[in-house]
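*Asks:* What follows is a single structure, and I will ask about it in a moment.
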Amino acid sequence: MKHFILVSVLACISMPIFAAEQVNQTNVKLDKNCSVNPNIERNPLPHTPNNMSLPEFGQGVIGWATGPEGAQQKLNTVNQTDITNYKKNGVNLQILQEWQAFYENETKRNSCNPTAPIRAKLMKKVITLWN
């Protein structure tokens with residue numbers, strides 16, 4: 001039991017360091033003093049169309065790929081054809097707004113997550129393109 005507690009504590013302490021190292025390997029600048037704000041709760045994951053898995057929704061439908069680079073690439077290239085495809089896959093404005101709010105909260109809550117602000121901007125852009 002003591003071993004389990006020690007491993008759990010070490011995992012909690014090392015996770016932000018590991019995350020920062022992972023992000024730095026992708027050439028994304030990350031504040032070395034990043035942290036999770038304990039005063040902001042993590043929101044539950046929003047709904048996806050037809051309860052599809054998050055990878056199926058995010059990578060397959062929205063196309064935000066993985067990591068900040070993938071999200072930035074989609075932010076730079078999202079267009080009206082994407083909107084048409086989103087609609088065909090069951091995405092609606094409510095889902096987009098929920099995901100935008102989720103990632104905006106994540107941006108405030110966890111400064112160690114460089115992908116969250118880009119995904120929030122992506123969702124906002126998609127909403128502005130929505131007809």
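Please note that chains go A, B, ... in the order of the structure tokens, that every chain numbers its residues from 1, and that ligands are numbered from 1 in the order shown.
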Tell me which protein, DNA and RNA residues are within 10 Å of A:Asn105, counting only C-alpha atoms, leaving out same-chain ones fewer than 2 positions away, and put them as a list in words.
*Replies:*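 Contacts, with the query itself left out: Ile40, Glu41, Arg42, Asn43, Trp99, Gln100, Ala101, Phe102, Tyr103, Thr107, Lys108, Arg109, Asn110, Ala116, Pro117 and Ala120 of chain A.
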*Asks:* Using only C-alpha atoms, can you tell me which of A:Leu96, A:Asn85, A:Thr115, A:Asn39 comes closest to A:Gly60?
*Replies:*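 Closest to A:Gly60 of all the choices is A:Asn85.
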*Asks:* Considering only C-alpha atoms, can you say which of A:Ile127, A:Leu45, A:Asn92, A:Asn76 comes closest to A:Gly63?
*Replies:*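 Using only C-alpha atoms, A:Gly63 sits closest to A:Asn76.
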*Asks:* Just the alpha helix (DSSP H) stuff from stretch 32-107 of chain A, please, per backbone DSSP, written as a count of residues only.
*Replies:* 37
*Asks:* Which of these, A:Val91, A:Ala65, A:Cys34, A:Leu75, has the shortest distance to A:Lys124 once you count only C-alpha atoms?
*Replies:*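 The closest residue to A:Lys124 is A:Leu75.
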*Asks:* Using only C-alpha atoms, determine which residues lie at most 12 Å from A:Lys125, disregarding the query and same-chain residues fewer than 2 positions distant; provide the list as JSON, numbers by chain.
*Replies:* {"A": [72, 74, 75, 76, 77, 78, 79, 80, 82, 83, 93, 96, 97, 100, 118, 119, 120, 121, 122, 123, 127, 128, 129, 130]}
*Asks:* Put those residues in a file: N, CA, C and O atoms, as a compact mmCIF listing (two decimals), in the first residue's frame.
*Replies:*
```txt
# COMPACT_ATOMS: atom_id res chain seq x y z
N GLN A 72 -3.26 23.65 -34.97
CA GLN A 72 -2.93 24.89 -35.67
C GLN A 72 -3.10 24.73 -37.17
O GLN A 72 -3.61 25.63 -37.85
N LYS A 74 -5.17 22.76 -38.72
CA LYS A 74 -6.60 22.77 -39.03
C LYS A 74 -7.16 24.17 -38.89
O LYS A 74 -7.98 24.60 -39.71
N LEU A 75 -6.73 24.90 -37.86
CA LEU A 75 -7.17 26.29 -37.68
C LEU A 75 -6.82 27.12 -38.91
O LEU A 75 -7.61 27.93 -39.37
N ASN A 76 -5.65 26.89 -39.47
CA ASN A 76 -5.19 27.65 -40.64
C ASN A 76 -5.92 27.27 -41.92
O ASN A 76 -5.95 28.06 -42.87
N THR A 77 -6.48 26.06 -41.97
CA THR A 77 -7.03 25.58 -43.25
C THR A 77 -8.53 25.32 -43.24
O THR A 77 -9.08 25.01 -44.30
N VAL A 78 -9.19 25.41 -42.10
CA VAL A 78 -10.62 25.09 -42.05
C VAL A 78 -11.37 25.99 -43.02
O VAL A 78 -11.08 27.17 -43.17
N ASN A 79 -12.33 25.37 -43.73
CA ASN A 79 -13.06 26.12 -44.76
C ASN A 79 -14.49 25.63 -44.87
O ASN A 79 -14.91 24.75 -44.12
N GLN A 80 -15.21 26.17 -45.82
CA GLN A 80 -16.62 25.87 -45.97
C GLN A 80 -16.87 24.40 -46.31
O GLN A 80 -17.88 23.84 -45.90
N ASP A 82 -15.23 21.94 -45.06
CA ASP A 82 -15.20 21.28 -43.75
C ASP A 82 -16.54 21.42 -43.05
O ASP A 82 -17.03 20.45 -42.46
N ILE A 83 -17.13 22.60 -43.13
CA ILE A 83 -18.42 22.84 -42.47
C ILE A 83 -19.46 21.88 -43.03
O ILE A 83 -20.23 21.28 -42.27
N LEU A 93 -24.30 23.40 -34.03
CA LEU A 93 -23.76 24.56 -33.32
C LEU A 93 -23.63 24.33 -31.83
O LEU A 93 -22.66 24.78 -31.22
N LEU A 96 -20.46 22.44 -31.14
CA LEU A 96 -19.30 23.33 -31.35
C LEU A 96 -19.13 24.30 -30.19
O LEU A 96 -18.02 24.52 -29.70
N GLN A 97 -20.23 24.88 -29.73
CA GLN A 97 -20.18 25.85 -28.62
C GLN A 97 -19.74 25.18 -27.33
O GLN A 97 -18.98 25.76 -26.55
N GLN A 100 -16.02 24.61 -27.65
CA GLN A 100 -15.30 25.88 -27.52
C GLN A 100 -15.22 26.26 -26.04
O GLN A 100 -14.15 26.62 -25.55
N ILE A 118 -5.59 26.62 -28.92
CA ILE A 118 -5.71 26.51 -30.38
C ILE A 118 -7.02 25.85 -30.75
O ILE A 118 -7.72 26.29 -31.66
N ARG A 119 -7.39 24.81 -30.02
CA ARG A 119 -8.66 24.15 -30.29
C ARG A 119 -9.83 25.08 -29.97
O ARG A 119 -10.84 25.06 -30.67
N ALA A 120 -9.70 25.89 -28.94
CA ALA A 120 -10.75 26.87 -28.64
C ALA A 120 -10.91 27.86 -29.80
O ALA A 120 -12.03 28.17 -30.22
N LYS A 121 -9.80 28.33 -30.34
CA LYS A 121 -9.85 29.24 -31.49
C LYS A 121 -10.43 28.55 -32.72
O LYS A 121 -11.17 29.15 -33.48
N LEU A 122 -10.06 27.29 -32.90
CA LEU A 122 -10.60 26.53 -34.03
C LEU A 122 -12.11 26.41 -33.93
O LEU A 122 -12.83 26.66 -34.91
N MET A 123 -12.62 26.06 -32.76
CA MET A 123 -14.06 25.94 -32.59
C MET A 123 -14.75 27.28 -32.83
O MET A 123 -15.80 27.35 -33.48
N ILE A 127 -17.47 28.07 -35.78
CA ILE A 127 -18.77 28.67 -35.48
C ILE A 127 -19.02 29.90 -36.36
O ILE A 127 -20.13 30.09 -36.85
N THR A 128 -17.99 30.70 -36.58
CA THR A 128 -18.17 31.89 -37.43
C THR A 128 -18.41 31.50 -38.89
O THR A 128 -19.06 32.25 -39.63
N LEU A 129 -17.89 30.36 -39.33
CA LEU A 129 -18.10 29.90 -40.70
C LEU A 129 -19.43 29.15 -40.90
O LEU A 129 -19.82 28.90 -42.04
N TRP A 130 -20.06 28.81 -39.81
CA TRP A 130 -21.27 28.00 -39.85
C TRP A 130 -22.41 28.77 -40.53
O TRP A 130 -22.65 29.93 -40.23
```
*Asks:* Closest to A:Gln94 among A:Gly70, A:Pro49, A:Gly58, A:Pro114, using only C-alpha atoms?
*Replies:*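 Of all the options, A:Pro49 lies closest to A:Gln94.
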*Asks:* Considering only C-alpha atoms, can you say which of A:Gln73, A:Thr66, A:Asn113, A:Asn51 comes closest to A:Val36?
*Replies:* A:Asn113
